[in-house]
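> What follows is start.pdb; its format and atoms are PDB, C-alpha atoms and all ligand atoms.
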```
ATOM      1  CA  MET H   1     113.115  77.348 127.424  1.00  0.00           C
ATOM      2  CA  ARG H   2     114.694  78.344 124.162  1.00  0.00           C
ATOM      3  CA  ALA H   3     113.405  76.449 121.153  1.00  0.00           C
ATOM      4  CA  GLU H   4     116.242  74.561 119.467  1.00  0.00           C
ATOM      5  CA  SER H   5     117.096  75.181 115.835  1.00  0.00           C
ATOM      6  CA  GLY H   6     114.903  72.951 113.675  1.00  0.00           C
ATOM      7  CA  ALA H   7     112.227  72.643 116.351  1.00  0.00           C
ATOM      8  CA  SER H   8     108.702  73.498 115.275  1.00  0.00           C
ATOM      9  CA  ARG H   9     107.597  77.054 115.926  1.00  0.00           C
ATOM     10  CA  PRO H  10     105.512  77.469 119.092  1.00  0.00           C
ATOM     11  CA  GLN H  11     101.877  78.450 118.677  1.00  0.00           C
ATOM     12  CA  GLN H  12     100.785  82.071 119.004  1.00  0.00           C
ATOM     13  CA  PRO H  13      99.018  83.026 122.229  1.00  0.00           C
ATOM     14  CA  THR H  14      95.243  82.819 121.907  1.00  0.00           C
ATOM     15  CA  ASP H  15      92.466  85.059 123.162  1.00  0.00           C
ATOM     16  CA  HIS H  16      92.346  82.738 126.154  1.00  0.00           C
ATOM     17  CA  ASP H  17      96.016  83.206 127.061  1.00  0.00           C
ATOM     18  CA  GLU H  18      95.562  85.005 130.373  1.00  0.00           C
ATOM     19  CA  SER H  19      99.312  85.530 130.759  1.00  0.00           C
ATOM     20  CA  ALA H  20      99.149  88.073 127.926  1.00  0.00           C
ATOM     21  CA  LEU H  21      96.693  90.145 129.939  1.00  0.00           C
ATOM     22  CA  ARG H  22      98.529  90.381 133.241  1.00  0.00           C
ATOM     23  CA  ALA H  23      99.876  93.800 134.238  1.00  0.00           C
ATOM     24  CA  PRO H  24     103.574  94.068 135.094  1.00  0.00           C
ATOM     25  CA  GLU H  25     103.913  95.083 138.728  1.00  0.00           C
ATOM     26  CA  THR H  26     106.271  97.958 138.052  1.00  0.00           C
ATOM     27  CA  MET H  27     104.358  99.532 135.165  1.00  0.00           C
ATOM     28  CA  ASP H  28     103.581 103.237 135.426  1.00  0.00           C
ATOM     29  CA  SER H  29     100.479 103.642 133.300  1.00  0.00           C
ATOM     30  CA  ASN H  30     100.052 107.357 134.070  1.00  0.00           C
ATOM     31  CA  LYS H  31     100.661 108.329 130.443  1.00  0.00           C
ATOM     32  CA  PRO H  32      99.104 111.852 130.459  1.00  0.00           C
ATOM     33  CA  ASP H  33     101.556 113.034 133.150  1.00  0.00           C
ATOM     34  CA  SER H  34     104.624 111.545 131.508  1.00  0.00           C
ATOM     35  CA  PRO H  35     106.928 114.120 129.901  1.00  0.00           C
ATOM     36  CA  ARG H  36     108.654 111.374 127.964  1.00  0.00           C
ATOM     37  CA  THR H  37     107.723 109.705 124.698  1.00  0.00           C
ATOM     38  CA  SER H  38     107.427 105.985 125.337  1.00  0.00           C
ATOM     39  CA  VAL H  39     108.264 103.441 122.647  1.00  0.00           C
ATOM     40  CA  LEU H  40     107.756  99.676 122.799  1.00  0.00           C
ATOM     41  CA  PHE H  41     109.325  97.401 120.177  1.00  0.00           C
ATOM     42  CA  VAL H  42     107.571  94.059 119.676  1.00  0.00           C
ATOM     43  CA  CYS H  43     108.519  90.798 117.967  1.00  0.00           C
ATOM     44  CA  LEU H  44     107.569  87.172 118.560  1.00  0.00           C
ATOM     45  CA  GLY H  45     110.062  85.858 121.115  1.00  0.00           C
ATOM     46  CA  ASN H  46     111.604  89.116 122.421  1.00  0.00           C
ATOM     47  CA  ILE H  47     115.079  87.620 122.158  1.00  0.00           C
ATOM     48  CA  CYS H  48     116.221  88.629 118.637  1.00  0.00           C
ATOM     49  CA  ARG H  49     114.589  91.497 116.719  1.00  0.00           C
ATOM     50  CA  SER H  50     112.875  93.626 119.367  1.00  0.00           C
ATOM     51  CA  PRO H  51     115.850  93.557 121.794  1.00  0.00           C
ATOM     52  CA  LEU H  52     118.007  94.709 118.856  1.00  0.00           C
ATOM     53  CA  ALA H  53     115.542  97.494 118.100  1.00  0.00           C
ATOM     54  CA  GLU H  54     115.389  98.509 121.768  1.00  0.00           C
ATOM     55  CA  GLY H  55     119.200  98.520 122.102  1.00  0.00           C
ATOM     56  CA  ILE H  56     119.754 100.386 118.829  1.00  0.00           C
ATOM     57  CA  PHE H  57     117.069 102.977 119.563  1.00  0.00           C
ATOM     58  CA  LEU H  58     118.457 103.546 123.077  1.00  0.00           C
ATOM     59  CA  HIS H  59     121.950 103.895 121.608  1.00  0.00           C
ATOM     60  CA  LEU H  60     120.732 106.510 119.117  1.00  0.00           C
ATOM     61  CA  VAL H  61     118.766 108.340 121.841  1.00  0.00           C
ATOM     62  CA  ASP H  62     121.813 108.389 124.098  1.00  0.00           C
ATOM     63  CA  ARG H  63     124.086 109.576 121.279  1.00  0.00           C
ATOM     64  CA  ALA H  64     121.628 112.416 120.558  1.00  0.00           C
ATOM     65  CA  GLY H  65     121.599 113.456 124.246  1.00  0.00           C
ATOM     66  CA  LEU H  66     117.867 112.717 124.473  1.00  0.00           C
ATOM     67  CA  SER H  67     117.834 110.054 127.194  1.00  0.00           C
ATOM     68  CA  ASP H  68     115.552 112.133 129.426  1.00  0.00           C
ATOM     69  CA  ARG H  69     112.966 112.435 126.630  1.00  0.00           C
ATOM     70  CA  PHE H  70     112.378 108.770 125.856  1.00  0.00           C
ATOM     71  CA  GLU H  71     111.284 105.618 127.609  1.00  0.00           C
ATOM     72  CA  VAL H  72     112.170 102.541 125.565  1.00  0.00           C
ATOM     73  CA  ASP H  73     111.311  98.879 126.078  1.00  0.00           C
ATOM     74  CA  SER H  74     110.631  95.690 124.131  1.00  0.00           C
ATOM     75  CA  ALA H  75     108.328  92.690 124.457  1.00  0.00           C
ATOM     76  CA  GLY H  76     107.268  89.539 122.628  1.00  0.00           C
ATOM     77  CA  THR H  77     103.803  88.408 121.615  1.00  0.00           C
ATOM     78  CA  GLY H  78     104.829  84.902 122.749  1.00  0.00           C
ATOM     79  CA  ALA H  79     105.807  83.783 126.244  1.00  0.00           C
ATOM     80  CA  TRP H  80     108.242  80.963 125.443  1.00  0.00           C
ATOM     81  CA  HIS H  81     111.431  82.910 126.230  1.00  0.00           C
ATOM     82  CA  VAL H  82     110.239  85.032 129.151  1.00  0.00           C
ATOM     83  CA  GLY H  83     113.127  85.894 131.488  1.00  0.00           C
ATOM     84  CA  GLU H  84     115.843  85.063 128.958  1.00  0.00           C
ATOM     85  CA  LEU H  85     118.665  87.309 127.834  1.00  0.00           C
ATOM     86  CA  PRO H  86     118.787  88.237 124.135  1.00  0.00           C
ATOM     87  CA  ASP H  87     119.862  85.480 121.732  1.00  0.00           C
ATOM     88  CA  ALA H  88     123.684  85.264 121.653  1.00  0.00           C
ATOM     89  CA  ARG H  89     123.733  85.965 117.893  1.00  0.00           C
ATOM     90  CA  ALA H  90     121.744  89.179 118.397  1.00  0.00           C
ATOM     91  CA  ALA H  91     124.008  90.247 121.267  1.00  0.00           C
ATOM     92  CA  LEU H  92     127.105  89.538 119.135  1.00  0.00           C
ATOM     93  CA  VAL H  93     126.008  91.534 116.101  1.00  0.00           C
ATOM     94  CA  ALA H  94     124.973  94.394 118.369  1.00  0.00           C
ATOM     95  CA  SER H  95     128.300  94.453 120.215  1.00  0.00           C
ATOM     96  CA  GLN H  96     130.140  94.387 116.877  1.00  0.00           C
ATOM     97  CA  HIS H  97     128.383  97.704 116.198  1.00  0.00           C
ATOM     98  CA  GLY H  98     129.039  99.125 119.678  1.00  0.00           C
ATOM     99  CA  VAL H  99     125.523  98.463 120.975  1.00  0.00           C
ATOM    100  CA  GLU H 100     124.899  96.595 124.221  1.00  0.00           C
ATOM    101  CA  LEU H 101     121.655  94.664 124.717  1.00  0.00           C
ATOM    102  CA  ALA H 102     120.434  94.746 128.312  1.00  0.00           C
ATOM    103  CA  SER H 103     116.867  93.473 128.031  1.00  0.00           C
ATOM    104  CA  ARG H 104     115.192  90.391 129.509  1.00  0.00           C
ATOM    105  CA  ALA H 105     112.423  88.789 127.498  1.00  0.00           C
ATOM    106  CA  ARG H 106     108.870  89.466 128.576  1.00  0.00           C
ATOM    107  CA  GLN H 107     105.432  89.078 127.029  1.00  0.00           C
ATOM    108  CA  ILE H 108     103.370  92.071 125.925  1.00  0.00           C
ATOM    109  CA  THR H 109     100.396  92.924 128.167  1.00  0.00           C
ATOM    110  CA  GLU H 110      97.186  94.924 127.823  1.00  0.00           C
ATOM    111  CA  ASP H 111      98.763  97.547 130.090  1.00  0.00           C
ATOM    112  CA  ASP H 112     101.525  98.036 127.509  1.00  0.00           C
ATOM    113  CA  LEU H 113      98.874  99.183 125.055  1.00  0.00           C
ATOM    114  CA  GLU H 114      97.613 101.667 127.635  1.00  0.00           C
ATOM    115  CA  HIS H 115     101.048 102.883 128.673  1.00  0.00           C
ATOM    116  CA  PHE H 116     103.184 103.186 125.547  1.00  0.00           C
ATOM    117  CA  ASP H 117     102.700 106.062 123.099  1.00  0.00           C
ATOM    118  CA  TRP H 118     104.250 104.135 120.211  1.00  0.00           C
ATOM    119  CA  VAL H 119     104.141 100.365 119.729  1.00  0.00           C
ATOM    120  CA  ILE H 120     106.365  99.207 116.889  1.00  0.00           C
ATOM    121  CA  ALA H 121     106.009  95.716 115.388  1.00  0.00           C
ATOM    122  CA  MET H 122     108.729  93.827 113.553  1.00  0.00           C
ATOM    123  CA  ASP H 123     106.354  91.919 111.251  1.00  0.00           C
ATOM    124  CA  ARG H 124     102.701  91.745 110.252  1.00  0.00           C
ATOM    125  CA  GLU H 125     101.936  88.792 112.505  1.00  0.00           C
ATOM    126  CA  ASN H 126     103.135  90.814 115.508  1.00  0.00           C
ATOM    127  CA  LEU H 127     101.142  93.780 114.204  1.00  0.00           C
ATOM    128  CA  ARG H 128      97.925  91.723 114.056  1.00  0.00           C
ATOM    129  CA  ASN H 129      98.427  90.445 117.604  1.00  0.00           C
ATOM    130  CA  ILE H 130      99.171  93.940 118.923  1.00  0.00           C
ATOM    131  CA  GLU H 131      96.084  95.340 117.177  1.00  0.00           C
ATOM    132  CA  ARG H 132      93.947  92.553 118.683  1.00  0.00           C
ATOM    133  CA  ILE H 133      95.127  93.501 122.203  1.00  0.00           C
ATOM    134  CA  ALA H 134      94.735  97.212 121.404  1.00  0.00           C
ATOM    135  CA  GLY H 135      91.163  96.606 120.255  1.00  0.00           C
ATOM    136  CA  ALA H 136      90.358  94.913 123.555  1.00  0.00           C
ATOM    137  CA  THR H 137      91.691  97.856 125.582  1.00  0.00           C
ATOM    138  CA  GLY H 138      90.559 100.821 123.478  1.00  0.00           C
ATOM    139  CA  SER H 139      94.221 101.831 123.246  1.00  0.00           C
ATOM    140  CA  ASP H 140      95.093 105.051 121.422  1.00  0.00           C
ATOM    141  CA  ALA H 141      98.740 104.063 120.939  1.00  0.00           C
ATOM    142  CA  GLU H 142     100.379 104.695 117.582  1.00  0.00           C
ATOM    143  CA  ILE H 143     100.905 101.159 116.224  1.00  0.00           C
ATOM    144  CA  HIS H 144     103.241 100.713 113.261  1.00  0.00           C
ATOM    145  CA  LEU H 145     105.535  98.323 111.457  1.00  0.00           C
ATOM    146  CA  LEU H 146     109.160  99.336 112.131  1.00  0.00           C
ATOM    147  CA  ARG H 147     110.000  99.274 108.447  1.00  0.00           C
ATOM    148  CA  GLU H 148     107.441 101.945 107.666  1.00  0.00           C
ATOM    149  CA  PHE H 149     110.397 104.114 108.735  1.00  0.00           C
ATOM    150  CA  ASP H 150     113.013 102.342 106.604  1.00  0.00           C
ATOM    151  CA  THR H 151     114.548 104.198 103.695  1.00  0.00           C
ATOM    152  CA  VAL H 152     115.002 100.868 101.850  1.00  0.00           C
ATOM    153  CA  ASN H 153     111.939  98.693 101.085  1.00  0.00           C
ATOM    154  CA  ASP H 154     109.822 100.742 103.442  1.00  0.00           C
ATOM    155  CA  GLY H 155     106.654  99.067 104.640  1.00  0.00           C
ATOM    156  CA  ASP H 156     108.268  95.631 104.575  1.00  0.00           C
ATOM    157  CA  GLU H 157     108.873  93.306 107.544  1.00  0.00           C
ATOM    158  CA  VAL H 158     111.952  92.660 109.662  1.00  0.00           C
ATOM    159  CA  PRO H 159     112.496  88.958 108.864  1.00  0.00           C
ATOM    160  CA  ASP H 160     112.713  86.480 111.719  1.00  0.00           C
ATOM    161  CA  PRO H 161     116.428  85.515 111.940  1.00  0.00           C
ATOM    162  CA  TYR H 162     115.994  82.873 114.664  1.00  0.00           C
ATOM    163  CA  TYR H 163     116.322  79.753 112.488  1.00  0.00           C
ATOM    164  CA  GLY H 164     119.036  81.203 110.228  1.00  0.00           C
ATOM    165  CA  GLY H 165     122.724  82.059 110.472  1.00  0.00           C
ATOM    166  CA  ALA H 166     124.827  85.042 111.502  1.00  0.00           C
ATOM    167  CA  SER H 167     124.348  86.862 108.175  1.00  0.00           C
ATOM    168  CA  GLY H 168     120.614  87.050 108.895  1.00  0.00           C
ATOM    169  CA  PHE H 169     121.360  88.880 112.123  1.00  0.00           C
ATOM    170  CA  GLU H 170     123.639  91.382 110.351  1.00  0.00           C
ATOM    171  CA  ASN H 171     120.891  91.975 107.773  1.00  0.00           C
ATOM    172  CA  VAL H 172     118.354  92.513 110.560  1.00  0.00           C
ATOM    173  CA  TYR H 173     120.747  94.843 112.394  1.00  0.00           C
ATOM    174  CA  GLU H 174     121.170  97.053 109.333  1.00  0.00           C
ATOM    175  CA  MET H 175     117.457  97.401 108.535  1.00  0.00           C
ATOM    176  CA  VAL H 176     116.567  97.965 112.202  1.00  0.00           C
ATOM    177  CA  HIS H 177     119.296 100.607 112.509  1.00  0.00           C
ATOM    178  CA  ARG H 178     118.139 102.452 109.379  1.00  0.00           C
ATOM    179  CA  SER H 179     114.536 102.364 110.557  1.00  0.00           C
ATOM    180  CA  CYS H 180     115.338 103.467 114.112  1.00  0.00           C
ATOM    181  CA  GLU H 181     117.281 106.486 112.835  1.00  0.00           C
ATOM    182  CA  VAL H 182     114.229 107.689 110.898  1.00  0.00           C
ATOM    183  CA  LEU H 183     111.834 106.825 113.747  1.00  0.00           C
ATOM    184  CA  LEU H 184     113.917 108.862 116.188  1.00  0.00           C
ATOM    185  CA  ASP H 185     114.031 111.821 113.811  1.00  0.00           C
ATOM    186  CA  ARG H 186     110.234 111.622 113.531  1.00  0.00           C
ATOM    187  CA  LEU H 187     109.629 111.383 117.279  1.00  0.00           C
ATOM    188  CA  ARG H 188     112.101 114.058 118.350  1.00  0.00           C
ATOM    189  CA  ALA H 189     110.461 116.491 115.949  1.00  0.00           C
ATOM    190  CA  ALA H 190     106.979 115.764 117.309  1.00  0.00           C
TER     191      ALA H 190
HETATM  192  P1  LIG H 201     112.297  87.113 117.697  1.00  0.00           P
HETATM  193  O1  LIG H 201     112.861  85.698 117.148  1.00  0.00           O
HETATM  194  O2  LIG H 201     110.808  87.073 117.524  1.00  0.00           O
HETATM  195  O3  LIG H 201     112.950  88.106 116.799  1.00  0.00           O
HETATM  196  O4  LIG H 201     112.735  87.178 119.143  1.00  0.00           O
HETATM  197  C1  LIG H 201     112.357  84.465 117.534  1.00  0.00           C
HETATM  198  C2  LIG H 201     112.742  83.909 118.730  1.00  0.00           C
HETATM  199  C3  LIG H 201     112.270  82.657 119.083  1.00  0.00           C
HETATM  200  C4  LIG H 201     111.406  81.973 118.236  1.00  0.00           C
HETATM  201  C5  LIG H 201     111.018  82.544 117.036  1.00  0.00           C
HETATM  202  C6  LIG H 201     111.488  83.786 116.692  1.00  0.00           C
HETATM  203  N1  LIG H 201     110.920  80.672 118.590  1.00  0.00           N
HETATM  204  O5  LIG H 201     110.280  80.067 117.751  1.00  0.00           O
HETATM  205  O6  LIG H 201     111.179  80.217 119.721  1.00  0.00           O
END
```
Represent the structure from my file as structure tokens, please.
Ligand code: 4NP


Amino acid sequence: MRAESGASRPQQPTDHDESALRAPETMDSNKPDSPRTSVLFVCLGNICRSPLAEGIFLHLVDRAGLSDRFEVDSAGTGAWHVGELPDARAALVASQHGVELASRARQITEDDLEHFDWVIAMDRENLRNIERIAGATGSDAEIHLLREFDTVNDGDEVPDPYYGGASGFENVYEMVHRSCEVLLDRLRAA
């Protein structure tokens, strides 16, 4: 169920949250045989920032003719919105820029840390939760903040736009787009 504006923020999953450890049934975790670079974008709810990052990165990959070289997905550290489409405000700002968002919210799993080559967090709270799961699995994924790749205020966070207005989503779109352009340049050169 989507939290209403003004509602208190749900709690983070704990070490005892078994749902964060369940493997998705369709996951191919055979990373060494994969010819593609796999990238997972992660935020809290997986309905605003990480679906935007996934959609923008896929759009840039497609525009560069590199669709066969990348596997792209997104997930949330929380489970409250699992199964939902992206937030309507995220979908609107994306479509205004010619980007379609096709994801359904899901929660990150331990298998994600085994499978994905790059795991990209929107903020430091996500980063801490990802690193906690990675530590439990012995993952060798590259784990970064998305804005390490931004040309403006690099190293900063992508702010959570959920409780704000449309301008927050445009701001998020622009910083995610800038960062994804640099991230793609980095990964295609690797
Ligand atoms: P996201 O935004 O992490 O960018 O998907 C949020 C979505 C939902 C909530 C918080 C942030 N929530 O509190 O339900």

> As an exercise, work out the distance from atom CA of His97 of chain H to atom CA of Ile130 of chain H in Å and give it to one decimal place.

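We find that atom CA of His97 of chain H and atom CA of Ile130 of chain H lie 29.6 Å from each other.
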
> Between H:Gly76, H:Gly45, H:Pro86, H:Gly155, single out the one closest to ligand LIG 201 (chain H), counting all atoms listed in the file.

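Of the candidates, the smallest distance to ligand LIG 201 (chain H) is held by H:Gly45.
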
> I'd like the residues picked by the PyMOL selection byres (((chain H and resi 67) around 12) and not hetatm) written out as a PyMOL selection string, using the chain letters and numbers from the file.

chain H and resi 35-38+57-66+68-72+184+188

> Assuming the chain letters and numbering stay as they are in my file, what does the PyMOL selection byres (((chain H and resi 41) around 8) and not hetatm) actually select? List them as a PDB file with C-alpha atoms, keeping the file's coordinate frame.


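Saved to part.pdb:
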```pdb
ATOM      1  CA  VAL H  39     108.264 103.441 122.647  1.00  0.00           C
ATOM      2  CA  LEU H  40     107.756  99.676 122.799  1.00  0.00           C
ATOM      3  CA  VAL H  42     107.571  94.059 119.676  1.00  0.00           C
ATOM      4  CA  CYS H  43     108.519  90.798 117.967  1.00  0.00           C
ATOM      5  CA  SER H  50     112.875  93.626 119.367  1.00  0.00           C
ATOM      6  CA  PRO H  51     115.850  93.557 121.794  1.00  0.00           C
ATOM      7  CA  ALA H  53     115.542  97.494 118.100  1.00  0.00           C
ATOM      8  CA  GLU H  54     115.389  98.509 121.768  1.00  0.00           C
ATOM      9  CA  VAL H  72     112.170 102.541 125.565  1.00  0.00           C
ATOM     10  CA  ASP H  73     111.311  98.879 126.078  1.00  0.00           C
ATOM     11  CA  SER H  74     110.631  95.690 124.131  1.00  0.00           C
ATOM     12  CA  ALA H  75     108.328  92.690 124.457  1.00  0.00           C
ATOM     13  CA  VAL H 119     104.141 100.365 119.729  1.00  0.00           C
ATOM     14  CA  ILE H 120     106.365  99.207 116.889  1.00  0.00           C
ATOM     15  CA  ALA H 121     106.009  95.716 115.388  1.00  0.00           C
ATOM     16  CA  MET H 122     108.729  93.827 113.553  1.00  0.00           C
TER      17      MET H 122
END
```

> Starting from the displayed file, determine the output of the PyMOL selection byres (((chain H and resi 81) around 8) and not hetatm) and express the residue list as a list in words.

Met1, Arg2, Gly45, Asn46, Ile47, Gly78, Ala79, Trp80, Val82, Gly83, Glu84, Ala105 and Arg106 of chain H

> Just how far from atom CA of Ala141 of chain H is atom CA of Leu113 of chain H, in Å to one decimal?

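Answer for the atom CA of Leu113 of chain H to atom CA of Ala141 of chain H separation: 6.4 Å.
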
> Rounded to one decimal, what separation in Å do you get between atom C5 of ligand LIG 201 (chain H) and atom CA of Asp111 of chain H?

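Distance between the two atoms: 23.4 Å.
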
> Starting from 8 Å padding per side, set up an axis-aligned box that covers all listed atoms of segment 150-168 of chain H and hand over centre and edge lengths in Å, one decimal, as lines of an AutoDock Vina configuration file.


```
center_x = 115.7
center_y = 92.0
center_z = 107.9
size_x = 34.2
size_y = 40.4
size_z = 29.6
```

> With distances taken over only C-alpha atoms and all ligand atoms, which residue among H:Glu125, H:Asp140, H:Asp160, H:Asp185 lies nearest ligand LIG 201 (chain H)?

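Counting only C-alpha atoms and all ligand atoms, the residue closest to ligand LIG 201 (chain H) is H:Asp160.
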
> Go through H:Asp123, H:Ala102, H:Leu187, H:Gly164 and flag the residue nearest Glu142 of chain H, using all atoms listed in the file for the distances.

H:Leu187

> Applying 10 Å and all atoms listed in the file, which residues near Pro159 of chain H remain after dropping the ones on its own chain fewer than 6 positions away? List them as a PyMOL selection string.

chain H and resi 49+122-123+168-169+171-172+175

> Using all atoms listed in the file for the distances, tell me which of H:Ala189, H:Tyr162, H:Arg132, H:Glu174 is nearest to ligand LIG 201 (chain H).

H:Tyr162
